[in-house]
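Raw structure30.cif, mmCIF, C-alpha atoms:
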data_work
loop_
_atom_site.label_atom_id
_atom_site.label_comp_id
_atom_site.auth_asym_id
_atom_site.auth_seq_id
_atom_site.Cartn_x
_atom_site.Cartn_y
_atom_site.Cartn_z
CA MET A 219 58.21 57.28 -15.41
CA THR A 220 59.48 56.76 -11.88
CA GLY A 221 56.17 55.36 -10.62
CA PRO A 222 55.84 52.57 -13.22
CA LEU A 223 59.51 51.60 -12.69
CA LEU A 224 59.00 51.34 -8.92
CA VAL A 225 55.93 49.18 -9.48
CA THR A 226 57.85 46.99 -11.94
CA LEU A 227 60.69 46.54 -9.44
CA ALA A 228 58.20 45.61 -6.72
CA ILE A 229 56.54 43.06 -9.03
CA VAL A 230 59.86 41.46 -10.02
CA CYS A 231 60.91 41.20 -6.36
CA ALA A 232 57.51 39.75 -5.44
CA PHE A 233 57.96 37.13 -8.19
CA LEU A 234 61.28 36.00 -6.67
CA LEU A 235 59.76 35.88 -3.19
CA LEU A 236 56.68 33.93 -4.28
CA GLN A 237 58.76 31.48 -6.30
CA GLY A 238 60.86 30.77 -3.22
CA LEU A 239 57.82 30.31 -1.01
CA VAL A 240 56.12 27.84 -3.35
CA GLY A 241 58.74 25.09 -3.41
CA ARG A 242 60.00 23.42 -0.25
CA GLY A 243 63.47 24.75 0.50
CA GLY A 244 63.07 27.56 -2.00
CA ILE A 245 63.51 30.10 0.78
CA TYR A 246 67.16 29.05 1.01
CA GLN A 247 67.93 29.61 -2.67
CA PHE A 248 69.74 32.71 -3.88
CA PRO A 249 66.90 34.24 -6.00
CA PHE A 250 64.59 34.31 -2.97
CA LEU A 251 67.28 35.78 -0.73
CA ALA A 252 68.19 38.40 -3.35
CA GLY A 253 64.56 39.38 -3.74
CA ALA A 254 64.19 39.70 0.03
CA VAL A 255 67.26 41.93 0.36
CA ILE A 256 66.27 44.26 -2.46
CA THR A 257 62.68 44.45 -1.17
CA GLY A 258 63.71 45.23 2.39
CA PHE A 259 66.88 47.24 1.81
CA LEU A 260 66.82 49.08 -1.54
CA LEU A 261 63.16 49.38 -2.55
CA PRO A 262 62.16 51.54 0.47
CA GLN A 263 65.13 53.81 -0.21
CA PHE A 264 64.12 54.24 -3.85
CA VAL A 265 60.57 55.10 -2.77
CA GLY A 266 61.91 57.84 -0.51
CA LEU A 267 64.24 59.22 -3.20
CA SER A 268 61.35 59.46 -5.64
CA ARG A 269 60.26 62.54 -3.66
CA ASP A 270 63.64 64.26 -3.92
CA ARG A 271 63.51 67.03 -6.53
CA PHE A 272 67.22 67.83 -6.39
CA LEU A 273 68.61 64.61 -7.83
CA PRO A 274 70.42 64.57 -11.19
CA SER A 275 68.07 64.41 -14.15
CA GLU A 276 66.79 60.88 -14.90
CA ALA A 277 69.25 59.43 -12.38
CA LEU A 278 66.60 57.60 -10.39
CA GLU A 279 65.00 56.18 -13.53
CA ALA A 280 68.36 54.87 -14.81
CA THR A 281 69.15 53.28 -11.45
CA LEU A 282 65.73 51.64 -11.27
CA VAL A 283 66.17 50.17 -14.75
CA LEU A 284 69.57 48.81 -13.69
CA THR A 285 68.06 47.35 -10.51
CA ILE A 286 65.23 45.66 -12.41
CA LEU A 287 67.73 44.13 -14.84
CA SER A 288 69.93 42.97 -11.95
CA VAL A 289 67.00 41.37 -10.09
CA GLY A 290 66.01 39.63 -13.30
CA MET A 291 69.54 38.30 -13.69
CA CYS A 292 69.42 36.92 -10.14
CA TRP A 293 66.51 34.77 -11.33
CA LEU A 294 67.80 33.98 -14.83
CA GLY A 295 71.27 32.92 -13.65
CA ALA A 296 69.70 30.26 -11.45
CA ALA A 297 67.06 29.25 -14.00
CA VAL A 298 69.55 28.28 -16.73
CA VAL A 299 71.50 25.87 -14.53
CA ARG A 300 70.75 22.21 -15.12
CA ARG A 301 73.85 20.44 -13.82
CA PRO A 302 75.36 20.67 -10.33
CA MET A 303 78.97 21.37 -9.45
CA ARG A 304 81.01 18.15 -9.68
CA ALA A 305 84.26 19.30 -8.07
CA GLY A 306 84.95 18.37 -4.45
CA ASN A 307 82.53 15.43 -4.32
CA TRP A 308 84.85 13.46 -2.04
CA ASP A 309 84.38 10.78 0.58
CA PHE A 310 85.39 12.23 3.95
CA ASP A 311 86.52 10.75 7.24
CA ASP A 312 84.34 12.32 9.94
CA ARG A 313 87.10 12.14 12.52
CA ARG A 314 89.48 14.09 10.31
CA LEU A 315 86.74 16.61 9.56
CA LEU A 316 86.23 17.05 13.29
CA ILE A 317 89.95 17.70 13.80
CA ALA A 318 89.95 20.19 10.92
CA SER A 319 86.96 21.94 12.46
CA ALA A 320 88.63 22.16 15.86
CA VAL A 321 91.90 23.52 14.45
CA LEU A 322 90.22 26.13 12.25
CA THR A 323 87.90 27.26 15.05
CA ALA A 324 90.69 27.51 17.63
CA LEU A 325 93.09 29.41 15.37
CA GLY A 326 90.40 31.78 14.14
CA GLY A 327 89.12 32.34 17.66
CA TYR A 328 92.62 33.26 18.82
CA PHE A 329 92.90 35.99 16.21
CA TYR A 330 89.42 37.33 17.02
CA PHE A 331 90.59 37.54 20.63
CA ALA A 332 93.78 39.29 19.46
CA ILE A 333 91.67 41.89 17.65
CA SER A 334 89.78 42.62 20.88
CA ARG A 335 93.10 43.36 22.61
CA LEU A 336 94.20 45.98 20.09
CA PRO A 337 94.08 49.67 21.08
CA PRO A 338 90.67 51.32 20.45
CA GLU A 339 92.18 53.85 18.05
CA MET A 340 93.12 50.98 15.72
CA VAL A 341 89.73 49.26 15.61
CA ASN A 342 87.18 52.01 16.28
CA VAL A 343 87.46 53.37 12.74
CA SER A 344 85.30 52.82 9.66
CA GLN A 345 88.16 51.47 7.52
CA TRP A 346 90.66 49.14 9.14
CA SER A 347 94.28 49.00 8.03
CA GLY A 348 97.53 47.44 9.18
CA LEU A 349 97.44 44.97 12.07
CA PRO A 350 93.63 44.68 12.45
CA VAL A 351 93.33 43.70 8.78
CA ALA A 352 96.08 41.09 9.17
CA TYR A 353 94.42 39.62 12.27
CA LEU A 354 91.00 39.56 10.59
CA PHE A 355 92.50 37.71 7.63
CA PHE A 356 93.34 34.77 9.91
CA ALA A 357 90.30 35.19 12.17
CA ARG A 358 88.01 34.21 9.29
CA MET A 359 89.20 30.62 9.83
CA MET A 360 86.87 30.51 12.82
CA THR A 361 83.83 30.81 10.56
CA TYR A 362 84.98 27.85 8.48
CA GLY A 363 85.52 25.72 11.57
CA PHE A 364 82.19 26.80 13.03
CA ALA A 365 80.30 25.95 9.82
CA LEU A 366 82.02 22.57 9.60
CA SER A 367 81.21 21.74 13.22
CA ILE A 368 77.52 22.62 12.74
CA LEU A 369 77.41 20.46 9.61
CA LEU A 370 78.98 17.53 11.46
CA PHE A 371 76.62 17.90 14.41
CA ALA A 372 73.62 17.92 12.09
CA ARG A 373 75.07 14.89 10.31
CA ASN A 374 75.90 12.54 13.21
CA ARG A 375 74.99 14.36 16.47
CA SER A 376 78.62 14.38 17.58
CA ARG A 377 79.10 15.85 21.05
CA TRP A 378 82.58 17.02 20.11
CA ALA A 379 81.18 18.84 17.11
CA LEU A 380 78.61 20.49 19.37
CA ALA A 381 81.34 21.60 21.77
CA ILE A 382 83.33 23.15 18.92
CA ALA A 383 80.19 24.84 17.60
CA LEU A 384 79.39 26.34 21.02
CA PHE A 385 82.94 27.67 21.29
CA GLY A 386 82.66 29.33 17.89
CA ALA A 387 79.18 30.61 18.70
CA MET A 388 80.61 32.72 21.54
CA PHE A 389 82.59 34.80 19.06
CA CYS A 390 79.63 35.03 16.69
CA LEU A 391 77.27 36.22 19.42
CA ASP A 392 79.75 38.82 20.61
CA ARG A 393 79.99 40.33 17.14
CA ILE A 394 76.22 40.17 16.66
CA LEU A 395 74.93 41.35 20.03
CA ILE A 396 77.67 43.82 20.96
CA GLY A 397 79.01 44.88 17.58
CA GLY A 398 75.67 44.83 15.76
CA ARG A 399 77.36 43.14 12.79
CA ARG A 400 74.78 42.41 10.09
CA GLN A 401 77.16 40.16 8.18
CA ASP A 402 77.75 37.92 11.19
CA LEU A 403 74.02 37.74 11.95
CA VAL A 404 73.10 36.65 8.42
CA GLU A 405 76.09 34.32 8.17
CA THR A 406 75.37 32.57 11.48
CA LEU A 407 71.69 32.10 10.67
CA THR A 408 72.37 30.73 7.19
CA ILE A 409 74.99 28.32 8.51
CA LEU A 410 72.59 26.95 11.14
CA LEU A 411 69.54 26.71 8.89
CA LEU A 412 71.31 25.28 5.87
CA ALA A 413 73.23 22.64 7.85
CA PHE A 414 70.00 21.13 9.18
CA TRP A 415 68.32 21.50 5.79
CA PHE A 416 71.06 19.63 3.94
CA GLN A 417 71.57 16.93 6.57
CA ARG A 418 68.14 16.55 8.17
CA GLY A 419 65.72 18.04 5.65
CA PHE A 420 64.50 20.57 8.22
CA CYS A 421 63.00 23.65 6.54
CA LEU A 422 62.01 26.77 8.41
CA PRO A 423 58.20 27.22 8.27
CA ARG A 424 57.24 29.88 5.75
CA PRO A 425 55.38 32.13 8.26
CA VAL A 426 58.45 32.11 10.50
CA MET A 427 60.66 32.99 7.53
CA LEU A 428 58.40 35.90 6.54
CA ALA A 429 58.33 37.16 10.11
CA GLY A 430 62.12 36.95 10.18
CA LEU A 431 62.37 38.96 6.96
CA ILE A 432 60.17 41.69 8.38
CA ALA A 433 62.18 41.79 11.61
CA GLY A 434 65.42 41.79 9.62
CA THR A 435 64.24 44.69 7.47
CA LEU A 436 63.46 46.76 10.56
CA PHE A 437 66.79 45.87 12.19
CA ILE A 438 68.94 46.55 9.12
CA ASN A 439 67.53 50.03 8.77
CA SER A 440 68.11 50.77 12.47
CA VAL A 441 71.54 49.20 12.87
CA ALA A 442 73.23 52.59 13.38
CA ASP A 443 71.03 53.25 16.44
CA TYR A 444 71.69 49.73 17.72
CA ARG A 445 75.46 50.14 17.50
CA ALA A 446 75.28 53.53 19.18
CA ALA A 447 73.54 51.83 22.11
CA THR A 448 75.84 48.79 22.40
CA ILE A 449 79.27 50.19 21.51
CA THR A 450 79.91 52.68 24.34
CA ARG A 451 82.66 53.33 26.87
CA ASP A 452 80.39 52.05 29.64
CA GLY A 453 79.41 48.88 27.81
CA PRO A 454 76.12 47.97 26.12
CA GLN A 455 73.15 50.09 27.14
CA TRP A 456 70.34 47.59 26.67
CA HIS A 457 67.68 50.00 27.86
CA SER A 458 68.63 52.24 24.93
CA VAL A 459 68.22 49.30 22.55
CA ALA A 460 64.70 48.77 23.87
CA ASN A 461 63.91 52.41 23.09
CA ILE A 462 64.98 52.27 19.44
CA ASP A 463 62.11 53.29 17.16
CA PHE A 464 62.53 50.54 14.54
CA VAL A 465 59.21 51.26 12.81
CA GLY A 466 59.79 55.01 12.88
CA ASN A 467 63.22 54.64 11.30
CA PHE A 468 61.72 52.56 8.50
CA GLU A 469 58.99 55.12 7.91
CA ARG A 470 61.59 57.89 7.69
CA LEU A 471 63.50 55.79 5.16
CA ILE A 472 60.40 55.60 2.97
CA GLU A 473 59.88 59.35 3.34
CA ASP A 474 63.44 60.57 2.78
CA GLY A 475 65.31 57.74 1.06
CA GLY A 476 68.58 56.18 2.16
CA ALA A 477 72.27 56.86 1.75
CA GLU A 478 73.09 53.61 -0.07
CA ALA A 479 70.52 54.08 -2.85
CA ARG A 480 71.54 57.74 -3.13
CA ASN A 481 75.19 56.74 -3.53
CA ALA A 482 74.26 54.26 -6.25
CA LEU A 483 72.07 56.83 -7.97
CA PHE A 484 74.82 59.48 -8.14
CA THR A 485 77.36 56.93 -9.39
CA VAL A 486 75.03 55.65 -12.11
CA ALA A 487 74.16 59.20 -13.19
CA ALA A 488 77.82 60.26 -13.26
CA VAL A 489 78.97 57.23 -15.26
CA LYS A 490 76.08 57.64 -17.67
CA ARG A 491 77.11 61.24 -18.15
CA SER A 492 80.87 60.68 -18.56
CA MET A 493 80.73 57.20 -20.18
CA LYS A 494 83.99 56.30 -18.43
CA PHE A 495 84.01 52.60 -17.49
CA ASP A 496 86.56 50.64 -15.45
CA LEU A 497 85.78 47.35 -17.27
CA GLY A 498 85.90 45.40 -14.01
CA LEU A 499 89.35 46.58 -12.92
CA ILE A 500 87.87 47.45 -9.53
CA HIS A 501 88.16 43.74 -8.70
CA TRP A 502 91.93 43.84 -9.21
CA ASN A 503 92.30 46.72 -6.78
CA GLN A 504 90.20 44.94 -4.18
CA LEU A 505 92.24 41.76 -4.53
CA VAL A 506 95.43 43.78 -4.03
CA PHE A 507 93.90 45.41 -0.97
CA SER A 508 92.83 42.07 0.52
CA TYR A 509 95.73 39.76 -0.34
CA VAL A 510 98.91 41.82 -0.77
CA PRO A 511 100.32 42.43 2.75
CA ALA A 512 102.01 45.82 3.01
CA GLN A 513 103.88 44.57 6.11
CA ILE A 514 105.72 42.04 3.91
CA VAL A 515 106.07 43.60 0.45
CA GLY A 516 106.18 47.21 1.64
CA ARG A 517 103.58 49.94 1.32
CA ASP A 518 105.24 51.47 -1.77
CA ILE A 519 105.05 48.21 -3.72
CA LYS A 520 101.44 47.65 -2.68
CA GLU A 521 100.48 51.18 -3.72
CA ALA A 522 102.21 50.65 -7.07
CA LEU A 523 100.03 47.60 -7.75
CA TYR A 524 96.82 49.61 -7.55
CA LEU A 525 95.35 50.72 -10.86
CA PRO A 526 94.10 54.33 -11.13
CA MET A 527 90.32 54.47 -10.70
CA ASN A 528 87.83 57.25 -11.23
CA THR A 529 85.43 58.47 -8.56
CA PRO A 530 82.65 59.48 -10.95
CA ALA A 531 80.09 60.64 -8.38
CA TYR A 532 82.55 63.12 -6.92
CA GLU A 533 84.05 64.17 -10.25
CA GLU A 534 80.67 64.95 -11.79
CA TYR A 535 78.52 66.01 -8.84
CA PHE A 536 80.94 66.41 -5.89
CA HIS A 537 78.98 63.70 -4.11
CA THR A 538 80.78 62.00 -1.22
CA PRO A 539 79.20 58.90 0.39
CA PRO A 540 78.28 59.48 4.05
CA MET A 541 80.46 57.75 6.62
CA GLY A 542 79.42 54.14 7.11
CA SER A 543 77.32 53.91 3.94
CA THR A 544 78.01 51.69 0.93
CA LEU A 545 77.90 52.29 -2.81
CA THR A 546 75.99 49.03 -3.49
CA GLY A 547 76.93 46.45 -6.10
CA LEU A 548 74.62 48.19 -8.56
CA ALA A 549 77.00 51.15 -8.69
CA ASP A 550 80.19 49.21 -9.39
CA ALA A 551 78.36 46.95 -11.88
CA PHE A 552 77.25 50.00 -13.87
CA GLN A 553 80.66 51.62 -13.52
CA SER A 554 82.23 48.51 -15.01
CA PHE A 555 79.98 47.66 -17.96
CA TRP A 556 77.03 50.11 -18.18
CA TYR A 557 73.70 48.26 -18.03
CA PHE A 558 75.50 45.09 -19.06
CA GLY A 559 77.01 45.15 -15.56
CA SER A 560 73.82 43.40 -14.44
CA LEU A 561 75.41 40.26 -15.90
CA LYS A 562 77.59 40.17 -12.80
CA PHE A 563 74.50 39.12 -10.87
CA PHE A 564 73.73 36.50 -13.53
CA LEU A 565 77.12 34.91 -12.84
CA ILE A 566 76.64 35.07 -9.08
CA ALA A 567 73.25 33.38 -9.36
CA LEU A 568 74.68 30.74 -11.71
CA VAL A 569 77.48 29.82 -9.29
CA MET A 570 75.13 29.74 -6.32
CA GLN A 571 72.67 27.49 -8.16
CA LYS A 572 75.39 25.02 -9.16
CA LEU A 573 76.45 24.83 -5.52
CA TRP A 574 72.81 24.42 -4.45
CA LEU A 575 72.17 21.49 -6.80
CA ALA A 576 75.39 19.76 -5.75
CA ALA A 577 74.62 20.30 -2.07
CA ARG A 578 71.15 18.79 -2.50
CA GLU A 579 72.78 15.69 -3.99
CA GLY A 580 74.88 15.20 -0.84
CA ASN A 581 78.17 16.81 -1.94
CA LEU A 582 79.53 17.84 1.46
CA THR A 583 82.02 20.31 -0.03
CA ALA A 584 79.21 22.04 -1.90
CA GLN A 585 77.08 22.05 1.25
CA LEU A 586 79.83 23.77 3.19
CA LEU A 587 80.46 26.32 0.44
CA TYR A 588 76.76 27.08 0.07
CA MET A 589 76.51 27.64 3.82
CA LEU A 590 79.34 30.18 3.65
CA MET A 591 78.63 32.04 0.41
CA PRO A 592 75.05 33.47 0.68
CA VAL A 593 76.20 36.34 2.88
CA TYR A 594 78.82 37.33 0.29
CA ALA A 595 76.35 36.94 -2.58
CA LEU A 596 73.95 39.30 -0.81
CA GLN A 597 76.73 41.76 0.00
CA ALA A 598 77.39 41.86 -3.73
CA ILE A 599 74.01 43.63 -3.87
CA THR A 600 74.19 45.80 -0.75
CA HIS A 601 77.91 46.63 -0.73
CA ALA A 602 79.92 45.81 -3.88
CA THR A 603 80.24 42.86 -6.26
CA HIS A 604 83.85 42.18 -5.23
CA TYR A 605 82.47 40.83 -1.94
CA PHE A 606 81.52 37.68 -3.86
CA VAL A 607 84.85 37.43 -5.70
CA SER A 608 87.38 37.92 -2.91
CA PRO A 609 86.32 35.13 -0.46
CA TRP A 610 87.08 32.33 -2.92
CA ILE A 611 90.82 32.94 -2.60
CA HIS A 612 90.60 32.92 1.20
CA ILE A 613 88.60 29.67 1.08
CA GLY A 614 91.21 28.19 -1.24
CA ILE A 615 94.00 29.10 1.18
CA PHE A 616 92.48 27.84 4.44
CA LEU A 617 89.42 25.66 3.93
CA VAL A 618 90.23 23.61 0.82
CA PRO A 619 93.53 22.21 2.22
CA ALA A 620 91.69 21.15 5.38
CA LEU A 621 89.08 19.32 3.32
CA ILE A 622 91.73 17.65 1.18
CA MET A 623 93.47 16.30 4.28
CA ALA A 624 90.15 15.01 5.61
CA ARG A 625 89.45 12.82 2.57
CA ARG A 626 89.47 9.07 2.97
#

Just give me the structure of the file as structure tokens.
Amino acid sequence: MTGPLLVTLAIVCAFLLLQGLVGRGGIYQFPFLAGAVITGFLLPQFVGLSRDRFLPSEALEATLVLTILSVGMCWLGAAVVRRPMRAGNWDFDDRRLLIASAVLTALGGYFYFAISRLPPEMVNVSQWSGLPVAYLFFARMMTYGFALSILLFARNRSRWALAIALFGAMFCLDRILIGGRRQDLVETLTILLLAFWFQRGFCLPRPVMLAGLIAGTLFINSVADYRAATITRDGPQWHSVANIDFVGNFERLIEDGGAEARNALFTVAAVKRSMKFDLGLIHWNQLVFSYVPAQIVGRDIKEALYLPMNTPAYEEYFHTPPMGSTLTGLADAFQSFWYFGSLKFFLIALVMQKLWLAAREGNLTAQLLYMLMPVYALQAITHATHYFVSPWIHIGIFLVPALIMARR
């Protein structure tokens, strides 16, 4: 049964990719991007795990069914949308937008600089806590200012907007080239490409996009080697980067499978066995983690706000995710609502499509949001679905007030 399910998943992903390639600009829509991520990130891992004889019974089959349903929902959620988002369709003063961009970029850049000055023992860990988390909370303003400056430059060729964008780009390039941050790479590229698509109608040629997807697939599956070469006591070792066997790492992934798909598989199997569901309460815990500052309310109060959650993979199979790996959004979707958890991806696709339609009509607020949200929508697949939920509060705190003040 595994073979037909893998073929079905490949066909569904190919459908999303082909649909995006047919229409002009389709490569920027969420269904195409979701299909690309699952094809390049999860499908090879599933192929490798199909050779593993020591997995829980029918675990791979159940996870593949869930994945096929989720991919289908990424298409269906966009297909049912007929009307764009109407909120935020304001008339803006470009000068005020430029000031907002400068302020957000400068403040965010300061906090990114502050993070770099923290002791290594505080930041060279897999899970940040305390001061680094607080600094990162404010540093995210830089991304909003950077995106706004790129949008303004594409709109009116403002030299001031270009200067702000170049300032923000320094922080982005540092996190991409030195830190090997996949999120920052995808986010920066989507901001640049979408700004010129919305304002100038420039669309990346399809062959270039396909070549970029292939290169991105090879990089994503070798990012651990890249970080090992760039994050060292003696600084980046670029000769080691040149020696990374990107193709070999991908071939080993197809042979042996990957940690992320394995984590998802054990979680799905454990929940299916125990039938214990959290009914989406995982999102509450993540919101508490992200937006309740222990430095202000106290650690005891913050801990009291957390709801007790099961760790099904460990409780049933003693499976612990390897350091640096993710559970994937498939796992928490299934843990919340069984196979109906795939509806989470329906809602994500629906929201993204409403933003897309509004952005295509010239709604600048929707354009800015659509430039910022694809990375979180894709992390809902590769990491956890709360990655798409949590940013909206942060945007409401920092970006929306700036846009309100920039209205005419």

Evaluating the PyMOL selection byres ((chain A and resi 529) around 12) on the displayed file yields which residues, as a list of chain:residue names?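 After applying the PyMOL selection byres ((chain A and resi 529) around 12), what remains is A:Asn481, A:Phe484, A:Thr485, A:Val486, A:Ala488, A:Val489, A:Ser492, A:Lys494, A:Phe495, A:Asp496, A:Ile500, A:Pro526, A:Met527, A:Asn528, A:Pro530, A:Ala531, A:Tyr532, A:Glu533, A:Glu534, A:Tyr535, A:Phe536, A:His537, A:Thr538, A:Pro539, A:Leu545, A:Ala549, A:Asp550, A:Gln553.
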
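Atom pair atom CA of Ala413 of chain A / atom CA of Phe564 of chain A has a distance of 25.5 Å (rounded to one decimal).
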
Any chance you could resolve the PyMOL selection byres ((chain A and resi 327) around 12) against this file and give the residues as a VMD selection string? chain A and resid 319 to 326 328 to 334 353 to 364 382 to 390 392

On this structure, which residues satisfy the PyMOL selection byres ((chain A and resi 290) around 10), written as a list in words?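 Written out, the selection comes to Leu227, Val230, Cys231, Phe233, Leu234, Pro249, Gly253, Leu284, Thr285, Ile286, Leu287, Ser288, Val289, Met291, Cys292, Trp293, Leu294, Gly295, Ser560, Leu561, Phe563 and Phe564 of chain A.
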
Write a file of the selected residues as an mmCIF file, in the frame of the given file, keeping C-alpha atoms.
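This went into selection_8.cif:
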data_model
loop_
_atom_site.group_PDB
_atom_site.id
_atom_site.type_symbol
_atom_site.label_atom_id
_atom_site.label_comp_id
_atom_site.auth_asym_id
_atom_site.auth_seq_id
_atom_site.Cartn_x
_atom_site.Cartn_y
_atom_site.Cartn_z
ATOM 1 C CA LEU A 227 60.690 46.540 -9.440
ATOM 2 C CA VAL A 230 59.860 41.460 -10.020
ATOM 3 C CA CYS A 231 60.910 41.200 -6.360
ATOM 4 C CA PHE A 233 57.960 37.130 -8.190
ATOM 5 C CA LEU A 234 61.280 36.000 -6.670
ATOM 6 C CA PRO A 249 66.900 34.240 -6.000
ATOM 7 C CA GLY A 253 64.560 39.380 -3.740
ATOM 8 C CA LEU A 284 69.570 48.810 -13.690
ATOM 9 C CA THR A 285 68.060 47.350 -10.510
ATOM 10 C CA ILE A 286 65.230 45.660 -12.410
ATOM 11 C CA LEU A 287 67.730 44.130 -14.840
ATOM 12 C CA SER A 288 69.930 42.970 -11.950
ATOM 13 C CA VAL A 289 67.000 41.370 -10.090
ATOM 14 C CA MET A 291 69.540 38.300 -13.690
ATOM 15 C CA CYS A 292 69.420 36.920 -10.140
ATOM 16 C CA TRP A 293 66.510 34.770 -11.330
ATOM 17 C CA LEU A 294 67.800 33.980 -14.830
ATOM 18 C CA GLY A 295 71.270 32.920 -13.650
ATOM 19 C CA SER A 560 73.820 43.400 -14.440
ATOM 20 C CA LEU A 561 75.410 40.260 -15.900
ATOM 21 C CA PHE A 563 74.500 39.120 -10.870
ATOM 22 C CA PHE A 564 73.730 36.500 -13.530
#

Within 12 Å of Leu471 of chain A, counting only C-alpha atoms, which residues qualify if same-chain residues fewer than 2 places away don't, as a ChimeraX atom specification? /A:258-269,435-436,438-440,464-469,473-480

For the atom pair atom CA of Gly498 of chain A and atom CA of Phe555 of chain A, what is the interatomic distance in Å to one decimal place?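 Separation between atom CA of Gly498 of chain A and atom CA of Phe555 of chain A: 7.5 Å.
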
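Counting only C-alpha atoms and comparing A:Phe416, A:Phe437, A:Trp556, A:Phe616, the residue that lies closest to Ile394 of chain A is A:Phe437.
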
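Reported to one decimal place, the separation of atom CA of Met427 of chain A from atom CA of Ile409 of chain A is 15.1 Å.
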
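Among the candidates A:Gln247, A:Asn503, A:Thr226, A:Asn307, the residue lying nearest to Val283 of chain A is A:Thr226 (atoms considered: only C-alpha atoms).
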
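Among the candidate residues A:Ala297, A:Ile611, A:Leu586, A:Ala254, the one lying nearest to Phe414 of chain A is A:Leu586, with distances computed using only C-alpha atoms.
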
Write out as a list in words each polymer residue whose atoms come within 10 Å of Ala352 of chain A, counting all atoms listed in the file; drop sequence neighbours fewer than 5 positions from it.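 Result of the neighbour search: Phe329, Ile333, Trp346, Ser347, Ala357, Ser508, Tyr509, Pro511, Ala512 and Gln513 of chain A.
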
Give me a file of those residues, with C-alpha atoms, as a PDB file, in the frame of the given file.
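Written out: again_11.pdb:
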ATOM      1  CA  PHE A 329      92.900  35.990  16.210  1.00  0.00           C
ATOM      2  CA  ILE A 333      91.670  41.890  17.650  1.00  0.00           C
ATOM      3  CA  TRP A 346      90.660  49.140   9.140  1.00  0.00           C
ATOM      4  CA  SER A 347      94.280  49.000   8.030  1.00  0.00           C
ATOM      5  CA  ALA A 357      90.300  35.190  12.170  1.00  0.00           C
ATOM      6  CA  SER A 508      92.830  42.070   0.520  1.00  0.00           C
ATOM      7  CA  TYR A 509      95.730  39.760  -0.340  1.00  0.00           C
ATOM      8  CA  PRO A 511     100.320  42.430   2.750  1.00  0.00           C
ATOM      9  CA  ALA A 512     102.010  45.820   3.010  1.00  0.00           C
ATOM     10  CA  GLN A 513     103.880  44.570   6.110  1.00  0.00           C
TER      11      GLN A 513
END

Excluding Leu239 of chain A and residues on its chain fewer than 2 positions from it, collect all residues at most 12 Å away from it, counting all atoms listed in the file, and give them as a list in words. Ala232, Phe233, Leu234, Leu235, Leu236, Gln237, Gly241, Arg242, Gly243, Gly244, Ile245, Tyr246, Gln247, Pro249, Phe250, Leu251, Gly253, Ala254, Cys421, Leu422, Pro423, Arg424, Pro425, Val426, Met427 and Leu428 of chain A

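Candidate residues A:Ala228, A:Leu568, A:Ala280, A:Leu411 were compared for distance to Ala482 of chain A, and the nearest is A:Ala280, using only C-alpha atoms.
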